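File shown: protein.txt. Contents: compact mmCIF, C-alpha atoms.
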# COMPACT_ATOMS: atom_id res chain seq x y z
CA MET A 1 39.28 -86.88 0.27
CA LYS A 2 41.47 -89.87 -0.46
CA MET A 3 41.60 -90.78 -4.14
CA ILE A 4 42.39 -94.24 -5.39
CA ASN A 5 42.86 -94.86 -9.09
CA VAL A 6 42.40 -98.59 -9.52
CA ALA A 7 44.21 -98.77 -12.89
CA ASN A 8 47.29 -96.93 -11.55
CA ASP A 9 47.33 -97.95 -7.89
CA PHE A 10 46.17 -101.55 -8.23
CA SER A 11 45.70 -103.19 -11.65
CA VAL A 12 44.22 -102.51 -15.10
CA LEU A 13 42.49 -105.89 -14.94
CA PRO A 14 41.38 -106.55 -11.37
CA ALA A 15 39.80 -110.00 -11.25
CA GLY A 16 39.35 -113.08 -9.12
CA ARG A 17 37.87 -113.63 -5.68
CA TYR A 18 40.53 -115.06 -3.37
CA VAL A 19 44.31 -114.58 -3.31
CA THR A 20 44.65 -118.05 -4.80
CA ASP A 21 43.01 -116.75 -8.00
CA GLY A 22 45.82 -114.32 -8.88
CA ASP A 23 47.81 -111.25 -7.86
CA TYR A 24 45.11 -108.56 -8.02
CA THR A 25 42.01 -110.22 -6.65
CA GLY A 26 39.05 -109.07 -4.59
CA GLU A 27 40.70 -110.31 -1.42
CA HIS A 28 43.83 -108.27 -2.17
CA PHE A 29 41.72 -105.17 -2.82
CA TYR A 30 39.65 -105.80 0.31
CA ARG A 31 42.86 -105.73 2.40
CA PHE A 32 43.96 -102.58 0.57
CA LEU A 33 40.63 -100.91 1.41
CA VAL A 34 40.75 -102.03 5.06
CA LYS A 35 44.25 -100.53 5.37
CA ASN A 36 42.95 -97.24 3.98
CA LEU A 37 39.92 -97.27 6.28
CA GLU A 38 42.16 -97.81 9.31
CA GLU A 39 44.67 -95.12 8.35
CA LEU A 40 42.20 -92.38 7.42
CA PRO A 41 40.10 -90.21 9.76
CA PRO A 42 36.59 -91.68 10.29
CA ASN A 43 34.80 -89.08 8.17
CA GLU A 44 37.14 -88.88 5.22
CA VAL A 45 35.61 -89.86 1.90
CA ILE A 46 37.42 -92.41 -0.26
CA GLU A 47 37.00 -91.91 -3.98
CA ILE A 48 37.65 -95.04 -6.02
CA ASN A 49 38.11 -94.35 -9.70
CA PHE A 50 37.82 -97.27 -12.11
CA ASP A 51 38.54 -95.21 -15.26
CA GLY A 52 41.32 -96.82 -17.26
CA VAL A 53 40.65 -100.41 -16.24
CA LEU A 54 39.89 -102.98 -18.95
CA GLY A 55 37.09 -104.26 -16.75
CA ALA A 56 36.46 -105.28 -13.18
CA GLY A 57 35.31 -108.83 -12.56
CA SER A 58 32.03 -109.32 -10.74
CA SER A 59 33.65 -111.77 -8.29
CA PHE A 60 36.37 -109.19 -7.64
CA LEU A 61 33.82 -106.47 -6.89
CA GLU A 62 31.69 -108.74 -4.73
CA GLN A 63 34.61 -109.97 -2.66
CA SER A 64 36.28 -106.59 -2.16
CA PHE A 65 33.27 -104.38 -1.36
CA ALA A 66 30.67 -106.74 0.12
CA GLU A 67 33.36 -108.27 2.33
CA LEU A 68 33.84 -104.88 4.02
CA VAL A 69 30.24 -105.10 5.25
CA ARG A 70 30.33 -108.84 5.97
CA GLN A 71 33.44 -108.48 8.13
CA GLY A 72 32.05 -105.44 9.94
CA ASN A 73 34.71 -103.02 8.69
CA ILE A 74 31.94 -100.61 7.72
CA SER A 75 28.13 -100.51 7.90
CA LYS A 76 25.95 -100.31 4.79
CA SER A 77 24.88 -96.76 5.58
CA ASP A 78 28.46 -95.63 6.27
CA PHE A 79 29.61 -97.23 3.04
CA LYS A 80 27.36 -94.84 1.09
CA LYS A 81 28.76 -91.87 3.00
CA ARG A 82 32.42 -92.81 2.82
CA PHE A 83 32.86 -94.41 -0.58
CA LYS A 84 32.44 -92.62 -3.87
CA ILE A 85 32.78 -94.87 -6.91
CA ILE A 86 33.62 -93.41 -10.31
CA ALA A 87 33.43 -95.57 -13.44
CA ASN A 88 32.85 -93.55 -16.60
CA ASP A 89 34.19 -96.25 -18.94
CA HIS A 90 32.25 -99.07 -17.29
CA PRO A 91 29.22 -97.49 -15.54
CA GLU A 92 27.80 -100.91 -14.63
CA ILE A 93 30.53 -101.18 -11.96
CA ILE A 94 28.73 -98.57 -9.81
CA SER A 95 25.39 -100.41 -9.80
CA LYS A 96 27.13 -103.74 -9.16
CA VAL A 97 28.98 -102.38 -6.11
CA GLN A 98 25.74 -100.90 -4.75
CA ARG A 99 23.91 -104.21 -5.22
CA TYR A 100 26.67 -106.31 -3.67
CA VAL A 101 26.95 -104.05 -0.64
CA GLU A 102 23.17 -104.03 -0.18
CA GLY A 103 23.07 -107.81 -0.45
CA ALA A 104 25.99 -108.40 1.93
CA MET M 1 -7.47 -61.00 -67.60
CA THR M 2 -5.61 -64.29 -67.41
CA ILE M 3 -2.90 -65.31 -64.99
CA ASP M 4 -0.02 -67.35 -66.34
CA LEU M 5 0.60 -70.22 -63.94
CA PRO M 6 4.09 -71.69 -63.96
CA LYS M 7 4.24 -74.82 -66.00
CA TRP M 8 5.45 -77.88 -64.15
CA ASP M 9 8.21 -79.83 -65.72
CA TRP M 10 6.86 -83.21 -64.72
CA SER M 11 9.77 -85.18 -66.07
CA LEU M 12 12.14 -83.16 -63.85
CA ILE M 13 9.93 -83.68 -60.78
CA VAL M 14 9.75 -87.42 -61.39
CA SER M 15 13.54 -87.54 -61.83
CA VAL M 16 14.14 -85.66 -58.56
CA ILE M 17 11.71 -87.89 -56.64
CA SER M 18 13.37 -90.99 -58.10
CA LEU M 19 16.79 -89.72 -57.10
CA VAL M 20 15.66 -88.94 -53.56
CA LEU M 21 14.04 -92.38 -53.24
CA ALA M 22 17.16 -94.07 -54.62
CA ALA M 23 19.34 -92.18 -52.14
CA LEU M 24 17.04 -93.17 -49.25
CA ILE M 25 17.00 -96.83 -50.29
CA PHE M 26 20.80 -96.82 -50.68
CA TYR M 27 21.21 -95.21 -47.23
CA TYR M 28 18.83 -97.75 -45.65
CA GLN M 29 20.60 -100.69 -47.32
CA THR M 30 23.99 -99.41 -46.14
CA LEU M 31 22.69 -99.24 -42.56
CA LYS M 32 21.25 -102.74 -42.85
CA SER M 33 24.57 -104.06 -44.22
CA LYS M 34 26.45 -102.47 -41.32
CA GLN M 35 23.97 -103.94 -38.87
CA ALA M 36 24.36 -107.37 -40.44
CA ILE M 37 28.13 -107.16 -39.91
CA TYR M 38 27.70 -106.14 -36.26
CA PHE M 39 25.02 -108.76 -35.67
CA ASN M 40 27.20 -111.58 -37.09
CA ASP M 41 30.08 -110.47 -34.91
CA ILE M 42 27.81 -110.26 -31.84
CA VAL M 43 26.70 -113.88 -32.35
CA THR M 44 30.31 -115.02 -32.92
CA ARG M 45 31.52 -113.26 -29.73
CA ILE M 46 28.70 -114.77 -27.68
CA GLU M 47 29.60 -118.23 -29.02
CA ILE M 48 33.26 -117.66 -28.09
CA ILE M 49 32.32 -116.44 -24.59
CA ASN M 50 30.07 -119.49 -24.06
CA GLU M 51 32.91 -121.77 -25.18
CA LEU M 52 35.37 -120.05 -22.83
CA ALA M 53 32.92 -120.48 -19.93
CA GLU M 54 32.62 -124.17 -20.79
CA LEU M 55 36.39 -124.59 -21.08
CA ALA M 56 36.88 -122.92 -17.69
CA CYS M 57 34.76 -125.65 -16.13
CA GLN M 58 37.28 -128.32 -17.12
CA PRO M 59 39.71 -129.37 -14.39
CA SER M 60 43.21 -127.90 -14.83
CA ALA M 61 41.94 -125.24 -17.24
CA PRO M 62 44.35 -122.26 -17.66
CA GLN M 63 42.01 -119.97 -15.74
CA ARG M 64 43.89 -116.66 -16.03
CA LEU M 65 44.48 -117.07 -19.75
CA LEU M 66 40.81 -117.93 -20.30
CA TYR M 67 39.72 -114.91 -18.27
CA ALA M 68 41.96 -112.59 -20.33
CA LYS M 69 40.38 -113.99 -23.52
CA PHE M 70 36.94 -113.60 -21.92
CA VAL M 71 37.56 -109.89 -21.15
CA PHE M 72 38.92 -109.31 -24.67
CA ASN M 73 35.79 -110.77 -26.27
CA LYS M 74 33.45 -109.18 -23.73
CA ASN M 75 34.79 -105.68 -24.47
CA ILE M 76 34.46 -106.15 -28.25
CA LEU M 77 30.96 -107.56 -27.79
CA GLU M 78 29.95 -104.56 -25.66
CA ASN M 79 31.29 -102.12 -28.29
CA ASN M 80 29.51 -103.97 -31.10
CA LEU M 81 26.22 -103.93 -29.20
CA THR M 82 26.56 -100.17 -28.66
CA LEU M 83 27.33 -99.64 -32.36
CA PHE M 84 24.48 -101.93 -33.44
CA PHE M 85 21.96 -99.82 -31.55
CA SER M 86 23.53 -96.47 -32.40
CA ILE M 87 23.02 -97.04 -36.16
CA HIS M 88 19.52 -98.43 -35.62
CA HIS M 89 17.85 -95.01 -35.82
CA PHE M 90 14.37 -96.07 -34.79
CA TYR M 91 15.52 -97.63 -31.52
CA HIS M 92 18.24 -95.03 -30.99
CA TYR M 93 15.84 -92.07 -31.14
CA PHE M 94 12.35 -93.39 -30.45
CA ARG M 95 12.75 -96.44 -28.23
CA PRO M 96 16.03 -96.08 -26.34
CA SER M 97 14.54 -98.12 -23.49
CA LEU M 98 14.61 -101.23 -25.67
CA ALA M 99 18.33 -100.84 -26.39
CA GLN M 100 18.94 -100.14 -22.68
CA GLY M 101 16.96 -103.25 -21.76
CA LEU M 102 19.09 -105.40 -24.06
CA MET M 103 22.29 -103.85 -22.69
CA ALA M 104 21.03 -104.74 -19.20
CA LYS M 105 20.48 -108.33 -20.42
CA PHE M 106 24.05 -108.33 -21.74
CA ASN M 107 25.41 -107.12 -18.37
CA GLU M 108 23.35 -109.76 -16.56
CA TYR M 109 24.72 -112.49 -18.86
CA ILE M 110 28.35 -111.43 -18.31
CA GLU M 111 27.84 -111.01 -14.56
CA PHE M 112 26.34 -114.50 -14.28
CA ILE M 113 29.36 -116.07 -16.02
CA GLU M 114 31.77 -114.17 -13.76
CA LEU M 115 29.95 -115.05 -10.55
CA TYR M 116 28.73 -118.60 -11.16
CA THR M 117 31.30 -120.25 -13.46
CA PRO M 118 35.02 -120.67 -12.72
CA ILE M 119 36.11 -118.26 -15.47
CA GLU M 120 37.13 -115.52 -13.02
CA THR M 121 37.58 -117.43 -9.79
CA ALA M 122 38.22 -121.06 -8.92
CA THR M 123 35.52 -120.76 -6.26
CA PRO M 124 32.40 -119.32 -7.89
CA LEU M 125 29.22 -118.65 -5.96
CA GLY M 126 26.60 -121.32 -5.42
CA VAL M 127 28.74 -124.28 -6.46
CA ASN M 128 29.64 -126.85 -3.82
CA ALA M 129 30.75 -129.62 -6.13
CA PRO M 130 32.71 -129.44 -9.37
CA ASN M 131 29.54 -129.77 -11.39
CA TYR M 132 28.90 -126.72 -13.47
CA ASN M 133 26.27 -128.20 -15.79
CA GLN M 134 23.44 -126.19 -14.28
CA ALA M 135 25.42 -122.94 -14.43
CA LEU M 136 26.40 -123.66 -18.06
CA ARG M 137 22.79 -124.38 -18.97
CA ARG M 138 21.82 -121.00 -17.56
CA VAL M 139 24.67 -119.32 -19.46
CA LEU M 140 23.35 -120.79 -22.71
CA LEU M 141 19.80 -119.77 -21.84
CA LYS M 142 20.82 -116.20 -21.07
CA SER M 143 22.86 -115.94 -24.27
CA SER M 144 19.90 -117.27 -26.31
CA LEU M 145 17.60 -114.69 -24.75
CA LEU M 146 20.08 -111.93 -25.55
CA ILE M 147 20.47 -113.00 -29.20
CA SER M 148 16.73 -113.45 -29.73
CA GLY M 149 16.12 -110.02 -28.17
CA ILE M 150 18.55 -108.44 -30.64
CA GLN M 151 17.09 -110.41 -33.55
CA LYS M 152 13.66 -108.95 -32.84
CA THR M 153 15.00 -105.44 -33.38
CA TYR M 154 16.98 -106.39 -36.49

Representation of the structure as structure tokens:
Amino acid sequence: MKMINVANDFSVLPAGRYVTDGDYTGEHFYRFLVKNLEELPPNEVIEINFDGVLGAGSSFLEQSFAELVRQGNISKSDFKKRFKIIANDHPEIISKVQRYVEGA
Amino acid sequence: MTIDLPKWDWSLIVSVISLVLAALIFYYQTLKSKQAIYFNDIVTRIEIINELAELACQPSAPQRLLYAKFVFNKNILENNLTLFFSIHHFYHYFRPSLAQGLMAKFNEYIEFIELYTPIETATPLGVNAPNYNQALRRVLLKSSLLISGIQKTY
């Protein structure tokens, strides 16, 4: 299992949709996730831990996770199998990611 | 044969009941005072968040600075809402679904601002022209619904 701690490996305040919005946006994180998907074996689970972040913007979450489905990097059913989201401090992040991926 | 029943000291009983009632009223008033403090702060934070959303709609607004202020106020607002409901014993123990429903309304309000106003991104969803009046109207409507929902429990 590959573990990604967003606060340590990316930013404590991930926000924004496109790269023009800042340095740690959804588009940046999307590219980061695509790189991980390409490098890892097809069945390996990726655990993304949001504990420690001050918050995660809705546009950030929508762009990074829903874009994976929109661009065909992963199917909706595979997303559920391969991604495990942990967000004890901000539990609403989990339901948002699920909704955005379903609606992609 | 007669049985001696214990004699009640009525003045003592009345004093104890009065003390217990006074303690209960004091406890209730303290809770209400705390709630009033949290409620006032909740309204203030919502006003600030609405203002920040409006400011973000201005051209050349310092977007990243506004978003940092937005997150700061959002996190305090979330904590205050949690505290408001945790000291409201009736809703905390007997109707937790009502508090959960209002927290869901809060999340919906914040999510709408992040997705449909330029506070987080210069290119929010559903906006083709730089006219955010409709989005701002909905922000105000959602914030009013949230405050009135809390007021009903208060």

Hey, could you pull the box centre and edge lengths for region 43-60 of chain A, axis-aligned, 8 Å padding per side, all listed atoms, to one decimal in Å, as AutoDock Vina command-line options?
--center_x 36.7 --center_y -100.3 --center_z -5.4 --size_x 25.3 --size_y 38.9 --size_z 43.1

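Distances from A:Ser75, A:Ser64, A:Asn88, A:Gln98 to Phe50 (chain A) were compared using all atoms listed in the file, and the smallest one belongs to A:Asn88.
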
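Considering the residues M:Val16, M:Ile147, M:Ile76, M:Ile113 and counting all atoms listed in the file, Asn50 (chain M) has its shortest atom-to-atom contact with M:Ile113.
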
Please report as a tab-separated table every residue of chain M lying within 7 Å of chain A, along with the nearest atom pair and their distance in Å (one decimal), using all atoms listed in the file.
residue	atom	partner	partner_atom	distance
M:Glu111	CA	A:Ser58	CA	5.9
M:Glu114	CA	A:Ser58	CA	5.7
M:Leu115	CA	A:Ser59	CA	5.4
M:Glu120	CA	A:Gly16	CA	5.1
M:Thr121	CA	A:Gly16	CA	4.7
M:Ala122	CA	A:Asp21	CA	6.5

When you look at Phe39 (chain M) with a cut-off of 9 Å (counting only C-alpha atoms), what residues show up, excluding the ones that are within fewer than 2 positions of it in the same chain? I need them as a PyMOL selection string. chain M and resi 34-37+41-44+80-81+84+147+150-151+154

Would you save the residues of that selection, restricted to C-alpha atoms, as a PDB file, in the coordinates of the input?
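Generated output (out.pdb):
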ATOM      1  CA  LYS M  34      26.450-102.470 -41.320  1.00  0.00           C
ATOM      2  CA  GLN M  35      23.970-103.940 -38.870  1.00  0.00           C
ATOM      3  CA  ALA M  36      24.360-107.370 -40.440  1.00  0.00           C
ATOM      4  CA  ILE M  37      28.130-107.160 -39.910  1.00  0.00           C
ATOM      5  CA  ASP M  41      30.080-110.470 -34.910  1.00  0.00           C
ATOM      6  CA  ILE M  42      27.810-110.260 -31.840  1.00  0.00           C
ATOM      7  CA  VAL M  43      26.700-113.880 -32.350  1.00  0.00           C
ATOM      8  CA  THR M  44      30.310-115.020 -32.920  1.00  0.00           C
ATOM      9  CA  ASN M  80      29.510-103.970 -31.100  1.00  0.00           C
ATOM     10  CA  LEU M  81      26.220-103.930 -29.200  1.00  0.00           C
ATOM     11  CA  PHE M  84      24.480-101.930 -33.440  1.00  0.00           C
ATOM     12  CA  ILE M 147      20.470-113.000 -29.200  1.00  0.00           C
ATOM     13  CA  ILE M 150      18.550-108.440 -30.640  1.00  0.00           C
ATOM     14  CA  GLN M 151      17.090-110.410 -33.550  1.00  0.00           C
ATOM     15  CA  TYR M 154      16.980-106.390 -36.490  1.00  0.00           C
TER      16      TYR M 154
END

Can you tell me, as a PyMOL selection string, what residues are no more than 10 Å from Arg138 (chain M) when counting all atoms listed in the file, ignoring any on the same chain fewer than 6 positions away? chain M and resi 109+112-113+116+132+144

Which residue is closest to His90 (chain A)? Choose from A:Leu68, A:Val34, A:Lys76, A:Asp51 and count only C-alpha atoms. A:Asp51

Which one is closest to Ile85 (chain A): A:Asn49, A:Ala7, A:Ala66, A:Gly103? Count all atoms listed in the file. A:Asn49

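Proximity ranking of M:Asp9, M:Thr153, M:Glu78, M:Glu108 relative to Lys32 (chain M) places M:Thr153 first, based on all atoms listed in the file.
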